[in-house]
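Trainee: Below is a structure I'd like to ask you about.
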Amino acid sequence: MQEIKSDITDIEEVEQTKVRKEKLDYLKNNGKDPFSISKYNVSNYSKDIIENFDEYNEKIVSIAGRIVNCREMGKASFINILDSVGKIQGYVRQDRVGEDSYQDFKKFDIGDIIGLKGEIFKTKKGEISVKADEIVLLSKSLLPLPEKFHGLKDTDMRYRQRYVDLIVNEGVKDTFYKRSHIIKEMRRFLDNLGFIEVETPILHTIAGGAAAKPFKTHHNALSMDIFMRIAPELHLKRLIVGGFDKVYEVGRVFRNEGISIKHNPEFTILELYQAYSDYEDIMNLTENLIRYVCEKVLKSSKINYQGIEIDFSKPFERITMVDSVKKYSDVDFKEIDTLEEARKIAKNHNITFEKYHQKGDILNLFFEKYVEEKLIQPTFLTEQPVELSPLSKRKQDDPEYTERFELFIIGREHANAFSELNDPIDQKERFEKQVELKSIGNEEANDMDDDFITSLEYGLPPTGGLGIGVDRLVMLLTDSLSIRDVLLFPTMKPKN
């Protein structure tokens, strides 16, 4: 089958495309246009056949997939066929499929999608294969696969052309199967606890629920600006007001921020709210949820991430933000009473702050500089300052701080949660403070949401809430370095 070999090894891409189109024209002119075929009856898949050979040996199957390799042996050829779950070898003989069919087969190329029907057997070398009785071209690939199927190495091209990446790079598809499995197990865990899954709006008239800069768009019919949601939080809490005790949502949120290995402007979040619970209840739920998902998906409570072993079997460490900063920087914010003192000590430690930063913001800057990257094993960082937590309930014994936690693993935030603020008077005052901060340059500050205040005035029961970054959890459980590796279609700047 010399034509397949010469196409791939000797002809430049433009010439390869030209030759492939000529082959397509030949097939069309002989009434064998592959694009006229609407369906193919697939009976089996490669993985099932290979894992259960004794059951399938000498049975007739119909498989379909993409040709990814070919070896010619006179009037017979071996081909490797890639389907959605793996690869299997096909054996095509002229005397078995017929001379005309075999000559048509010689017009096939690496990358073409075929259907093949035949008997399962094992070659002399022990490779499980399908001995073709019939073979049909289902779709012609007019562009050659990159690098002779040795893999697409250019990471930028991999993300731009994920469809090619999935074909030529083994392991990529497995990452996304695991992603699906992770989300299914998260849902299963919550469903088993009596939570119900809901959907809330993506288009918001007010950007709220998180500290982030929103994307703005315009609704023509209503002649008004609207925002892509930065969080589903405020709508979900309205549902708790309405009488649901346990709700969750898995969905996309949008934040107009930079792109890095940890950030994508749109990402997936799991948010849940449980009435009559506080942040310590949610802390326990979070620890159990992550351990459960890890064990279900990876069959272990320990993982290896970029050479670092992470152990989910042990109780997660718990430390307050103030204590963590004291531990790693030797600065005790419990001894800092005023904003002026906080600014002075920040300058002494070469920490840059903005004019709108309050004492709690400066504590967070110390955390980011001295602590964050050191929280490798699962750690609940608790009791963040109220300035950073406009939707969180204050600690009764220390009202400068809140009943809140963030979960850090390998130096990254993976979850954020708190006892929800349900005092409408306090909430309104905090929104007003946020509006003031926005007016002096803080683009991530919340806006006033009068309807949410109204909902609180009807009565929100004591409630614990949680947000988990699904993409970061998938990164962790698939040993992926970049968030782009776990997003099928990450945000990319156009090449032109």
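Every chain in the structure tokens takes a letter, A first, then B, and so on in the order presented; its residues are numbered from 1, and the ligands are numbered from 1 following the presented order.
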Just the residues within 7 Å of stretch 194-210 of chain A, please, counting only C-alpha atoms, with nothing from its chain fewer than 5 positions along; format it as a list in words.

Mentor: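 Result of the neighbour search: Ile226, Phe227, Met228, Arg229, Ile230, Ala231, Pro232, Glu233, Leu234, His235, Lys246, Val247, Tyr248, Glu249, Asn446, Asp447 and Asp449 of chain A.
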
Trainee: Can those selected residues be exported to a file as a compact mmCIF listing (two decimals), in the first residue's frame so that it contains C-alpha atoms?

Mentor:
```
# COMPACT_ATOMS: atom_id res chain seq x y z
CA ILE A 226 -25.61 43.28 31.54
CA PHE A 227 -22.76 41.17 32.89
CA MET A 228 -21.59 37.61 32.46
CA ARG A 229 -21.82 36.12 35.94
CA ILE A 230 -18.71 36.03 38.09
CA ALA A 231 -20.43 33.67 40.54
CA PRO A 232 -23.86 32.03 41.00
CA GLU A 233 -23.77 32.76 44.75
CA LEU A 234 -26.43 35.42 45.21
CA HIS A 235 -29.06 33.56 43.18
CA LYS A 246 -29.59 22.02 50.09
CA VAL A 247 -28.81 23.26 46.58
CA TYR A 248 -25.83 23.11 44.24
CA GLU A 249 -24.88 24.18 40.74
CA ASN A 446 -19.00 44.23 44.57
CA ASP A 447 -21.91 46.37 43.42
CA ASP A 449 -27.66 44.38 44.93
```

Trainee: Within 12 Å of A:Leu193, counting only C-alpha atoms, which residues show up once you throw out same-chain ones fewer than 4 positions away? Write them as JSON, numbers by chain, please.

Mentor: {"A": [186, 187, 188, 189, 197, 245, 246, 247, 248, 272, 274, 285, 288, 289]}

Trainee: So, with only C-alpha atoms as the atoms that count, which of A:Lys32, A:Glu280, A:Leu298, A:Leu137 lies closest to A:Lys178?

Mentor: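 Closest to A:Lys178, using only C-alpha atoms: A:Leu298.
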
Trainee: With only C-alpha atoms as the basis for distance, which of A:Gly258, A:Pro146, A:Pro214, A:Gly251 is at the shortest distance from A:Val470?

Mentor: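 The shortest atom-to-atom distance to A:Val470 comes from A:Gly251.
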
Trainee: Just how far from atom CA of A:Gly111 is atom CA of A:Ser180, in Å to one decimal?

Mentor: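 Pair atom CA of A:Ser180 / atom CA of A:Gly111 returns 26.3 Å.
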
Trainee: Excluding A:Arg93 and its own-chain neighbours fewer than 3 positions away, which residues fall within 8 Å of it when counting only C-alpha atoms? Please give them as a PyMOL selection string.

Mentor: chain A and resi 75-77+96-97+102+132

Trainee: Grab the residues selected above and save them as a JSON list (two decimals), in the first residue's frame with N, CA and C atoms.

Mentor:
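See out39.json below for the written result:
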```
[["chain", "number", "residue", "atom", "x", "y", "z"],
["A", 75, "LYS", "N", -0.29, -8.11, -1.18],
["A", 75, "LYS", "CA", -1.72, -7.97, -1.38],
["A", 75, "LYS", "C", -2.49, -8.03, -0.05],
["A", 76, "ALA", "N", -1.80, -7.69, 0.99],
["A", 76, "ALA", "CA", -2.42, -7.60, 2.32],
["A", 76, "ALA", "C", -1.80, -6.43, 3.07],
["A", 77, "SER", "N", -2.54, -5.89, 4.00],
["A", 77, "SER", "CA", -2.05, -4.75, 4.79],
["A", 77, "SER", "C", -2.56, -4.86, 6.22],
["A", 96, "ARG", "N", -9.76, -11.53, 0.43],
["A", 96, "ARG", "CA", -10.88, -11.63, 1.36],
["A", 96, "ARG", "C", -11.91, -10.51, 1.13],
["A", 97, "VAL", "N", -11.44, -9.28, 0.86],
["A", 97, "VAL", "CA", -12.38, -8.17, 0.65],
["A", 97, "VAL", "C", -12.71, -7.98, -0.82],
["A", 102, "TYR", "N", -10.16, -3.73, -2.53],
["A", 102, "TYR", "CA", -8.78, -3.52, -2.09],
["A", 102, "TYR", "C", -8.12, -2.37, -2.85],
["A", 132, "ALA", "N", -10.59, -8.34, 8.08],
["A", 132, "ALA", "CA", -11.65, -7.63, 7.37],
["A", 132, "ALA", "C", -12.35, -8.51, 6.33]]
```
